[in-house]
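A.B. asks: My file is my_file-v1.csv. It has CSV, N, CA and C atoms:
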chain,number,residue,atom,x,y,z
R,1,MET,N,122.4,-86.2,50.8
R,1,MET,CA,123.0,-87.5,50.5
R,1,MET,C,121.9,-88.5,50.2
R,2,LYS,N,122.0,-89.3,49.2
R,2,LYS,CA,121.0,-90.2,48.8
R,2,LYS,C,121.2,-91.5,49.7
R,3,ARG,N,120.0,-92.0,50.1
R,3,ARG,CA,120.0,-93.2,50.9
R,3,ARG,C,120.2,-94.4,49.9
R,4,ARG,N,121.0,-95.4,50.2
R,4,ARG,CA,121.2,-96.5,49.4
R,4,ARG,C,120.8,-97.8,50.1
R,5,ASN,N,120.2,-98.7,49.4
R,5,ASN,CA,119.9,-100.0,50.0
R,5,ASN,C,121.0,-100.9,49.7
R,6,SER,N,121.7,-101.4,50.7
R,6,SER,CA,122.9,-102.2,50.5
R,6,SER,C,122.6,-103.5,49.8
R,7,LEU,N,121.5,-104.1,50.1
R,7,LEU,CA,121.2,-105.4,49.4
R,7,LEU,C,121.0,-105.2,47.9
R,8,ILE,N,120.3,-104.1,47.5
R,8,ILE,CA,120.1,-103.8,46.1
R,8,ILE,C,121.5,-103.5,45.5
R,9,GLU,N,122.4,-102.8,46.2
R,9,GLU,CA,123.7,-102.5,45.7
R,9,GLU,C,124.5,-103.8,45.5
R,10,LEU,N,124.4,-104.7,46.4
R,10,LEU,CA,125.1,-106.0,46.3
R,10,LEU,C,124.6,-106.8,45.0
R,11,PHE,N,123.3,-106.8,44.8
R,11,PHE,CA,122.7,-107.5,43.7
R,11,PHE,C,123.2,-106.8,42.4
R,12,ARG,N,123.2,-105.5,42.4
R,12,ARG,CA,123.6,-104.7,41.2
R,12,ARG,C,125.1,-105.1,40.9
R,13,PHE,N,125.9,-105.2,41.9
R,13,PHE,CA,127.3,-105.6,41.7
R,13,PHE,C,127.5,-107.0,41.1
R,14,ILE,N,126.7,-107.9,41.7
R,14,ILE,CA,126.8,-109.3,41.2
R,14,ILE,C,126.3,-109.5,39.8
R,15,PHE,N,125.2,-108.8,39.5
R,15,PHE,CA,124.6,-109.0,38.2
R,15,PHE,C,125.4,-108.1,37.1
R,16,ALA,N,126.0,-107.1,37.6
R,16,ALA,CA,126.9,-106.3,36.6
R,16,ALA,C,128.1,-107.2,36.3
R,17,LEU,N,128.7,-107.9,37.2
R,17,LEU,CA,129.7,-108.8,36.9
R,17,LEU,C,129.3,-109.9,35.9
R,18,ASN,N,128.0,-110.3,36.1
R,18,ASN,CA,127.5,-111.3,35.2
R,18,ASN,C,127.3,-110.8,33.8
R,19,VAL,N,126.9,-109.5,33.7
R,19,VAL,CA,126.8,-108.9,32.3
R,19,VAL,C,128.2,-108.8,31.7
R,20,VAL,N,129.2,-108.4,32.5
R,20,VAL,CA,130.5,-108.3,31.9
R,20,VAL,C,131.0,-109.7,31.5
R,21,LYS,N,130.7,-110.7,32.3
R,21,LYS,CA,131.1,-112.0,31.9
R,21,LYS,C,130.4,-112.5,30.6
R,22,GLY,N,129.1,-112.1,30.5
R,22,GLY,CA,128.4,-112.5,29.3
R,22,GLY,C,128.9,-111.8,28.0
R,23,HIS,N,129.4,-110.6,28.2
R,23,HIS,CA,129.9,-109.9,27.0
R,23,HIS,C,131.3,-110.3,26.7
R,24,GLY,N,132.0,-110.9,27.6
R,24,GLY,CA,133.4,-111.3,27.4
R,24,GLY,C,133.5,-112.7,26.8
R,25,MET,N,134.6,-113.2,26.7
R,25,MET,CA,134.8,-114.6,26.2
R,25,MET,C,135.2,-115.5,27.4
R,26,PHE,N,134.4,-115.6,28.3
R,26,PHE,CA,134.7,-116.4,29.5
R,26,PHE,C,134.1,-117.8,29.3
R,27,ILE,N,134.7,-118.8,29.8
R,27,ILE,CA,134.3,-120.2,29.6
R,27,ILE,C,133.2,-120.6,30.5
R,28,TYR,N,133.1,-120.0,31.7
R,28,TYR,CA,132.1,-120.5,32.7
R,28,TYR,C,130.7,-120.3,32.2
R,29,GLU,N,130.0,-121.4,32.1
R,29,GLU,CA,128.5,-121.4,31.8
R,29,GLU,C,127.9,-122.3,32.9
R,30,GLY,N,127.9,-121.9,34.1
R,30,GLY,CA,127.3,-122.7,35.2
R,30,GLY,C,125.8,-122.6,35.3
R,31,PRO,N,125.3,-123.4,36.2
R,31,PRO,CA,123.8,-123.5,36.3
R,31,PRO,C,123.2,-122.2,36.8
R,32,TYR,N,123.9,-121.4,37.6
R,32,TYR,CA,123.3,-120.2,38.2
R,32,TYR,C,123.3,-119.0,37.3
R,33,PHE,N,124.4,-118.7,36.7
R,33,PHE,CA,124.6,-117.5,35.8
R,33,PHE,C,124.9,-118.0,34.4
R,34,GLY,N,123.9,-118.1,33.6
R,34,GLY,CA,124.1,-118.6,32.2
R,34,GLY,C,124.6,-117.5,31.3
R,35,HIS,N,123.8,-117.1,30.4
R,35,HIS,CA,124.2,-116.1,29.4
R,35,HIS,C,123.9,-114.7,29.7
R,36,GLY,N,123.5,-114.4,30.9
R,36,GLY,CA,123.2,-113.0,31.4
R,36,GLY,C,121.8,-112.6,31.3
R,37,ARG,N,120.9,-113.6,30.9
R,37,ARG,CA,119.5,-113.2,30.8
R,37,ARG,C,118.9,-112.8,32.1
R,38,LEU,N,119.3,-113.5,33.1
R,38,LEU,CA,118.8,-113.2,34.5
R,38,LEU,C,119.2,-111.8,34.9
R,39,SER,N,120.4,-111.4,34.5
R,39,SER,CA,120.9,-110.1,34.8
R,39,SER,C,120.2,-109.0,34.1
R,40,VAL,N,119.9,-109.2,32.8
R,40,VAL,CA,119.1,-108.2,32.1
R,40,VAL,C,117.7,-108.0,32.7
R,41,GLU,N,117.1,-109.1,33.0
R,41,GLU,CA,115.7,-109.0,33.6
R,41,GLU,C,115.8,-108.3,35.0
R,42,PHE,N,116.9,-108.6,35.8
R,42,PHE,CA,117.0,-107.9,37.0
R,42,PHE,C,117.1,-106.4,36.8
R,43,PHE,N,118.0,-106.0,35.9
R,43,PHE,CA,118.2,-104.5,35.7
R,43,PHE,C,116.9,-103.9,35.2
R,44,PHE,N,116.1,-104.6,34.4
R,44,PHE,CA,114.9,-104.1,33.8
R,44,PHE,C,113.9,-103.9,35.0
R,45,ILE,N,113.7,-104.8,35.9
R,45,ILE,CA,112.8,-104.7,37.0
R,45,ILE,C,113.3,-103.6,38.0
R,46,LEU,N,114.6,-103.6,38.2
R,46,LEU,CA,115.2,-102.6,39.1
R,46,LEU,C,115.0,-101.2,38.6
R,47,THR,N,115.2,-101.0,37.3
R,47,THR,CA,114.9,-99.7,36.7
R,47,THR,C,113.5,-99.2,36.9
R,48,GLY,N,112.6,-100.1,36.7
R,48,GLY,CA,111.1,-99.8,36.9
R,48,GLY,C,110.8,-99.5,38.3
R,49,PHE,N,111.4,-100.2,39.2
R,49,PHE,CA,111.2,-100.0,40.7
R,49,PHE,C,111.7,-98.6,41.1
R,50,LEU,N,112.9,-98.3,40.7
R,50,LEU,CA,113.5,-97.0,41.0
R,50,LEU,C,112.8,-95.8,40.3
R,51,LEU,N,112.3,-96.1,39.1
R,51,LEU,CA,111.6,-95.0,38.4
R,51,LEU,C,110.3,-94.7,39.1
R,52,VAL,N,109.5,-95.7,39.5
R,52,VAL,CA,108.3,-95.5,40.2
R,52,VAL,C,108.5,-94.9,41.5
R,53,ARG,N,109.6,-95.3,42.2
R,53,ARG,CA,109.9,-94.7,43.5
R,53,ARG,C,110.2,-93.2,43.4
R,54,SER,N,110.9,-92.8,42.3
R,54,SER,CA,111.2,-91.4,42.1
R,54,SER,C,110.0,-90.6,41.6
R,55,VAL,N,109.1,-91.2,40.9
R,55,VAL,CA,107.8,-90.5,40.5
R,55,VAL,C,107.0,-90.2,41.7
R,56,THR,N,107.0,-91.0,42.7
R,56,THR,CA,106.1,-90.8,43.9
R,56,THR,C,106.5,-89.5,44.7
R,57,LYS,N,107.7,-89.0,44.5
R,57,LYS,CA,108.1,-87.7,45.1
R,57,LYS,C,107.4,-86.5,44.5
R,58,HIS,N,106.9,-86.7,43.3
R,58,HIS,CA,106.3,-85.6,42.6
R,58,HIS,C,104.7,-85.7,42.5
R,59,LEU,N,104.2,-86.6,43.2
R,59,LEU,CA,102.7,-86.9,43.1
R,59,LEU,C,101.9,-85.8,43.9
R,60,ASP,N,102.5,-85.1,44.8
R,60,ASP,CA,101.8,-84.2,45.6
R,60,ASP,C,101.5,-82.9,44.9
R,61,LYS,N,102.2,-82.7,43.7
R,61,LYS,CA,102.0,-81.4,42.9
R,61,LYS,C,100.9,-81.7,41.9
R,62,PRO,N,100.4,-80.6,41.4
R,62,PRO,CA,99.4,-80.7,40.3
R,62,PRO,C,100.1,-81.4,39.1
R,63,PHE,N,99.2,-82.0,38.2
R,63,PHE,CA,99.7,-82.9,37.2
R,63,PHE,C,100.9,-82.3,36.3
R,64,PHE,N,100.6,-81.2,35.7
R,64,PHE,CA,101.6,-80.7,34.8
R,64,PHE,C,102.8,-80.2,35.5
R,65,LYS,N,102.7,-79.6,36.7
R,65,LYS,CA,103.8,-79.1,37.5
R,65,LYS,C,104.7,-80.3,37.9
R,66,GLY,N,104.0,-81.4,38.4
R,66,GLY,CA,104.7,-82.6,38.8
R,66,GLY,C,105.4,-83.3,37.7
R,67,PHE,N,104.7,-83.3,36.5
R,67,PHE,CA,105.2,-83.9,35.3
R,67,PHE,C,106.5,-83.2,34.9
R,68,PHE,N,106.5,-81.9,34.8
R,68,PHE,CA,107.6,-81.2,34.3
R,68,PHE,C,108.8,-81.2,35.4
R,69,SER,N,108.4,-81.2,36.7
R,69,SER,CA,109.5,-81.2,37.7
R,69,SER,C,110.1,-82.6,37.7
R,70,PHE,N,109.4,-83.6,37.4
R,70,PHE,CA,110.0,-85.0,37.4
R,70,PHE,C,111.0,-85.1,36.2
R,71,TYR,N,110.5,-84.6,35.0
R,71,TYR,CA,111.4,-84.7,33.9
R,71,TYR,C,112.6,-83.8,34.0
R,72,TRP,N,112.4,-82.6,34.6
R,72,TRP,CA,113.5,-81.7,34.8
R,72,TRP,C,114.5,-82.3,35.7
R,73,SER,N,114.1,-83.0,36.8
R,73,SER,CA,115.0,-83.7,37.7
R,73,SER,C,115.8,-84.8,37.0
R,74,LYS,N,115.3,-85.4,36.0
R,74,LYS,CA,116.0,-86.4,35.2
R,74,LYS,C,116.9,-85.8,34.1
R,75,ILE,N,116.5,-84.7,33.5
R,75,ILE,CA,117.3,-84.1,32.4
R,75,ILE,C,118.4,-83.2,32.9
R,76,LYS,N,118.1,-82.5,34.1
R,76,LYS,CA,119.1,-81.5,34.6
R,76,LYS,C,120.5,-82.1,34.8
R,77,PRO,N,120.7,-83.3,35.4
R,77,PRO,CA,122.0,-83.8,35.5
R,77,PRO,C,122.7,-84.0,34.2
R,78,ILE,N,122.0,-84.2,33.1
R,78,ILE,CA,122.6,-84.5,31.8
R,78,ILE,C,123.0,-83.2,31.2
R,79,LEU,N,122.1,-82.2,31.3
R,79,LEU,CA,122.4,-80.9,30.6
R,79,LEU,C,123.3,-80.0,31.4
R,80,ILE,N,123.3,-80.0,32.7
R,80,ILE,CA,124.1,-79.2,33.5
R,80,ILE,C,125.1,-80.1,34.3
R,81,PRO,N,126.2,-80.4,33.8
R,81,PRO,CA,127.1,-81.3,34.4
R,81,PRO,C,127.8,-80.7,35.7
Go through the file and emit its structure as structure tokens.
C.D. replies:
Amino acid sequence: MKRRNSLIELFRFIFALNVVKGHGMFIYEGPYFGHGRLSVEFFFILTGFLLVRSVTKHLDKPFFKGFFSFYWSKIKPILIP
């Protein structure tokens, strides 16, 4: 079972709602959540953080073996549903 950080999950939920709001025709344009730019930046930073964290699991292997095992771990869920 994967461990989840509940604070990150909360932020993901809030910013996902903001992205949905930004793509919809909602009237609210408050000072905190404008056009969704903050949400896009958050998801970009979060993706980089989670990618680096997943790469560190493969650092103990030799370069090519770790390289291929990392990419296989990312491609396998797509190819083998």
A.B. asks: For a test of reading the model, state the distance in Å between atom C of Lys57 (chain R) and atom N of Ser73 (chain R), rounded to one decimal.
C.D. replies: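 These atoms are spaced 10.8 Å apart.
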A.B. asks: Just to confirm, what's the straight-line distance from atom C of His23 (chain R) to atom N of Arg37 (chain R) in Å (one decimal)?
C.D. replies: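 We find that atom C of His23 (chain R) and atom N of Arg37 (chain R) lie 11.7 Å from each other.
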A.B. asks: How many Å lie between CA of Leu38 (chain R) and CA of Asn18 (chain R), rounded to one decimal?
C.D. replies: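 So the two atoms, CA of Leu38 (chain R) and CA of Asn18 (chain R), lie 8.9 Å apart.
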A.B. asks: List every residue of chain R that DSSP, applied to the backbone of this structure, assigns to alpha helix (DSSP H), and report them as a short mmCIF file (atom, residue, chain, number, x, y, z; two decimals) with N, CA and C atoms, keeping the file's coordinate frame.
C.D. replies:
data_model
loop_
_atom_site.label_atom_id
_atom_site.label_comp_id
_atom_site.auth_asym_id
_atom_site.auth_seq_id
_atom_site.Cartn_x
_atom_site.Cartn_y
_atom_site.Cartn_z
N SER R 6 121.70 -101.40 50.70
CA SER R 6 122.90 -102.20 50.50
C SER R 6 122.60 -103.50 49.80
N LEU R 7 121.50 -104.10 50.10
CA LEU R 7 121.20 -105.40 49.40
C LEU R 7 121.00 -105.20 47.90
N ILE R 8 120.30 -104.10 47.50
CA ILE R 8 120.10 -103.80 46.10
C ILE R 8 121.50 -103.50 45.50
N GLU R 9 122.40 -102.80 46.20
CA GLU R 9 123.70 -102.50 45.70
C GLU R 9 124.50 -103.80 45.50
N LEU R 10 124.40 -104.70 46.40
CA LEU R 10 125.10 -106.00 46.30
C LEU R 10 124.60 -106.80 45.00
N PHE R 11 123.30 -106.80 44.80
CA PHE R 11 122.70 -107.50 43.70
C PHE R 11 123.20 -106.80 42.40
N ARG R 12 123.20 -105.50 42.40
CA ARG R 12 123.60 -104.70 41.20
C ARG R 12 125.10 -105.10 40.90
N PHE R 13 125.90 -105.20 41.90
CA PHE R 13 127.30 -105.60 41.70
C PHE R 13 127.50 -107.00 41.10
N ILE R 14 126.70 -107.90 41.70
CA ILE R 14 126.80 -109.30 41.20
C ILE R 14 126.30 -109.50 39.80
N PHE R 15 125.20 -108.80 39.50
CA PHE R 15 124.60 -109.00 38.20
C PHE R 15 125.40 -108.10 37.10
N ALA R 16 126.00 -107.10 37.60
CA ALA R 16 126.90 -106.30 36.60
C ALA R 16 128.10 -107.20 36.30
N LEU R 17 128.70 -107.90 37.20
CA LEU R 17 129.70 -108.80 36.90
C LEU R 17 129.30 -109.90 35.90
N ASN R 18 128.00 -110.30 36.10
CA ASN R 18 127.50 -111.30 35.20
C ASN R 18 127.30 -110.80 33.80
N VAL R 19 126.90 -109.50 33.70
CA VAL R 19 126.80 -108.90 32.30
C VAL R 19 128.20 -108.80 31.70
N VAL R 20 129.20 -108.40 32.50
CA VAL R 20 130.50 -108.30 31.90
C VAL R 20 131.00 -109.70 31.50
N LYS R 21 130.70 -110.70 32.30
CA LYS R 21 131.10 -112.00 31.90
C LYS R 21 130.40 -112.50 30.60
N GLY R 22 129.10 -112.10 30.50
CA GLY R 22 128.40 -112.50 29.30
C GLY R 22 128.90 -111.80 28.00
N HIS R 23 129.40 -110.60 28.20
CA HIS R 23 129.90 -109.90 27.00
C HIS R 23 131.30 -110.30 26.70
N ARG R 37 120.90 -113.60 30.90
CA ARG R 37 119.50 -113.20 30.80
C ARG R 37 118.90 -112.80 32.10
N LEU R 38 119.30 -113.50 33.10
CA LEU R 38 118.80 -113.20 34.50
C LEU R 38 119.20 -111.80 34.90
N SER R 39 120.40 -111.40 34.50
CA SER R 39 120.90 -110.10 34.80
C SER R 39 120.20 -109.00 34.10
N VAL R 40 119.90 -109.20 32.80
CA VAL R 40 119.10 -108.20 32.10
C VAL R 40 117.70 -108.00 32.70
N GLU R 41 117.10 -109.10 33.00
CA GLU R 41 115.70 -109.00 33.60
C GLU R 41 115.80 -108.30 35.00
N PHE R 42 116.90 -108.60 35.80
CA PHE R 42 117.00 -107.90 37.00
C PHE R 42 117.10 -106.40 36.80
N PHE R 43 118.00 -106.00 35.90
CA PHE R 43 118.20 -104.50 35.70
C PHE R 43 116.90 -103.90 35.20
N PHE R 44 116.10 -104.60 34.40
CA PHE R 44 114.90 -104.10 33.80
C PHE R 44 113.90 -103.90 35.00
N ILE R 45 113.70 -104.80 35.90
CA ILE R 45 112.80 -104.70 37.00
C ILE R 45 113.30 -103.60 38.00
N LEU R 46 114.60 -103.60 38.20
CA LEU R 46 115.20 -102.60 39.10
C LEU R 46 115.00 -101.20 38.60
N THR R 47 115.20 -101.00 37.30
CA THR R 47 114.90 -99.70 36.70
C THR R 47 113.50 -99.20 36.90
N GLY R 48 112.60 -100.10 36.70
CA GLY R 48 111.10 -99.80 36.90
C GLY R 48 110.80 -99.50 38.30
N PHE R 49 111.40 -100.20 39.20
CA PHE R 49 111.20 -100.00 40.70
C PHE R 49 111.70 -98.60 41.10
N LEU R 50 112.90 -98.30 40.70
CA LEU R 50 113.50 -97.00 41.00
C LEU R 50 112.80 -95.80 40.30
N LEU R 51 112.30 -96.10 39.10
CA LEU R 51 111.60 -95.00 38.40
C LEU R 51 110.30 -94.70 39.10
N VAL R 52 109.50 -95.70 39.50
CA VAL R 52 108.30 -95.50 40.20
C VAL R 52 108.50 -94.90 41.50
N ARG R 53 109.60 -95.30 42.20
CA ARG R 53 109.90 -94.70 43.50
C ARG R 53 110.20 -93.20 43.40
N SER R 54 110.90 -92.80 42.30
CA SER R 54 111.20 -91.40 42.10
C SER R 54 110.00 -90.60 41.60
N VAL R 55 109.10 -91.20 40.90
CA VAL R 55 107.80 -90.50 40.50
C VAL R 55 107.00 -90.20 41.70
N PHE R 63 99.20 -82.00 38.20
CA PHE R 63 99.70 -82.90 37.20
C PHE R 63 100.90 -82.30 36.30
N PHE R 64 100.60 -81.20 35.70
CA PHE R 64 101.60 -80.70 34.80
C PHE R 64 102.80 -80.20 35.50
N LYS R 65 102.70 -79.60 36.70
CA LYS R 65 103.80 -79.10 37.50
C LYS R 65 104.70 -80.30 37.90
N GLY R 66 104.00 -81.40 38.40
CA GLY R 66 104.70 -82.60 38.80
C GLY R 66 105.40 -83.30 37.70
N PHE R 67 104.70 -83.30 36.50
CA PHE R 67 105.20 -83.90 35.30
C PHE R 67 106.50 -83.20 34.90
N PHE R 68 106.50 -81.90 34.80
CA PHE R 68 107.60 -81.20 34.30
C PHE R 68 108.80 -81.20 35.40
N SER R 69 108.40 -81.20 36.70
CA SER R 69 109.50 -81.20 37.70
C SER R 69 110.10 -82.60 37.70
N PHE R 70 109.40 -83.60 37.40
CA PHE R 70 110.00 -85.00 37.40
C PHE R 70 111.00 -85.10 36.20
N TYR R 71 110.50 -84.60 35.00
CA TYR R 71 111.40 -84.70 33.90
C TYR R 71 112.60 -83.80 34.00
N TRP R 72 112.40 -82.60 34.60
CA TRP R 72 113.50 -81.70 34.80
C TRP R 72 114.50 -82.30 35.70
N SER R 73 114.10 -83.00 36.80
CA SER R 73 115.00 -83.70 37.70
C SER R 73 115.80 -84.80 37.00
N LYS R 74 115.30 -85.40 36.00
CA LYS R 74 116.00 -86.40 35.20
C LYS R 74 116.90 -85.80 34.10
N ILE R 75 116.50 -84.70 33.50
CA ILE R 75 117.30 -84.10 32.40
C ILE R 75 118.40 -83.20 32.90
N LYS R 76 118.10 -82.50 34.10
CA LYS R 76 119.10 -81.50 34.60
C LYS R 76 120.50 -82.10 34.80
N PRO R 77 120.70 -83.30 35.40
CA PRO R 77 122.00 -83.80 35.50
C PRO R 77 122.70 -84.00 34.20
N ILE R 78 122.00 -84.20 33.10
CA ILE R 78 122.60 -84.50 31.80
C ILE R 78 123.00 -83.20 31.20
N LEU R 79 122.10 -82.20 31.30
CA LEU R 79 122.40 -80.90 30.60
C LEU R 79 123.30 -80.00 31.40
#
A.B. asks: R:Ser6, R:Ile80, R:Phe70, R:Arg12: which is nearest Val52 (chain R), counting only C-alpha atoms?
C.D. replies: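 Nearest candidate to Val52 (chain R) out of R:Ser6, R:Ile80, R:Phe70, R:Arg12: R:Phe70.
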A.B. asks: Find the residue from R:Phe42, R:Leu50, R:His58, R:Ser69 that sits nearest to Arg4 (chain R); use only C-alpha atoms when measuring.
C.D. replies: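 Of the candidates, the smallest distance to Arg4 (chain R) is held by R:Leu50.
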A.B. asks: Which one of R:Glu41, R:Phe49, R:Lys65, R:Ile78 sits closest to Ile8 (chain R) if you count only C-alpha atoms?
C.D. replies: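 Using only C-alpha atoms, the shortest distance to Ile8 (chain R) belongs to R:Phe49.
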A.B. asks: For Ser54 (chain R), which residue out of R:Gly22, R:Ala16, R:Phe67, R:Val40 is the nearest one, using only C-alpha atoms?
C.D. replies: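 Of R:Gly22, R:Ala16, R:Phe67, R:Val40, the one nearest Ser54 (chain R), counting only C-alpha atoms, is R:Phe67.
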A.B. asks: How would region 34-48 of chain R of the given structure read as a file with N, CA, C and O atoms, as a compact mmCIF listing (two decimals), in the first residue's frame?
C.D. replies:
# COMPACT_ATOMS: atom_id res chain seq x y z
N GLY R 34 -7.13 33.17 -8.55
CA GLY R 34 -7.47 33.93 -9.75
C GLY R 34 -7.78 33.03 -10.91
O GLY R 34 -8.73 32.26 -10.90
N HIS R 35 -6.94 33.05 -11.91
CA HIS R 35 -7.19 32.33 -13.16
C HIS R 35 -6.62 30.92 -13.15
O HIS R 35 -6.60 30.26 -14.18
N GLY R 36 -6.11 30.44 -12.05
CA GLY R 36 -5.58 29.09 -11.99
C GLY R 36 -4.08 29.00 -12.17
O GLY R 36 -3.53 27.92 -12.23
N ARG R 37 -3.42 30.14 -12.29
CA ARG R 37 -1.97 30.11 -12.49
C ARG R 37 -1.26 29.49 -11.30
O ARG R 37 -0.32 28.71 -11.46
N LEU R 38 -1.71 29.81 -10.11
CA LEU R 38 -1.11 29.24 -8.90
C LEU R 38 -1.27 27.72 -8.88
O LEU R 38 -0.35 27.00 -8.50
N SER R 39 -2.41 27.24 -9.33
CA SER R 39 -2.66 25.80 -9.36
C SER R 39 -1.74 25.09 -10.35
O SER R 39 -1.22 24.01 -10.05
N VAL R 40 -1.53 25.68 -11.50
CA VAL R 40 -0.65 25.07 -12.50
C VAL R 40 0.78 25.02 -11.96
O VAL R 40 1.46 24.00 -12.10
N GLU R 41 1.23 26.08 -11.32
CA GLU R 41 2.58 26.09 -10.73
C GLU R 41 2.70 25.06 -9.63
O GLU R 41 3.72 24.39 -9.50
N PHE R 42 1.64 24.91 -8.81
CA PHE R 42 1.66 23.92 -7.75
C PHE R 42 1.79 22.51 -8.32
O PHE R 42 2.61 21.73 -7.84
N PHE R 43 1.02 22.17 -9.33
CA PHE R 43 1.08 20.83 -9.92
C PHE R 43 2.43 20.59 -10.60
O PHE R 43 2.94 19.48 -10.58
N PHE R 44 3.03 21.61 -11.18
CA PHE R 44 4.35 21.48 -11.79
C PHE R 44 5.40 21.16 -10.72
O PHE R 44 6.21 20.25 -10.88
N ILE R 45 5.38 21.89 -9.62
CA ILE R 45 6.33 21.66 -8.53
C ILE R 45 6.07 20.32 -7.88
O ILE R 45 7.01 19.57 -7.57
N LEU R 46 4.81 19.95 -7.66
CA LEU R 46 4.48 18.67 -7.04
C LEU R 46 4.92 17.51 -7.91
O LEU R 46 5.45 16.51 -7.41
N THR R 47 4.75 17.62 -9.22
CA THR R 47 5.19 16.56 -10.12
C THR R 47 6.69 16.37 -10.05
O THR R 47 7.19 15.24 -10.00
N GLY R 48 7.44 17.46 -10.04
CA GLY R 48 8.89 17.37 -9.92
C GLY R 48 9.31 16.74 -8.60
O GLY R 48 10.21 15.90 -8.55
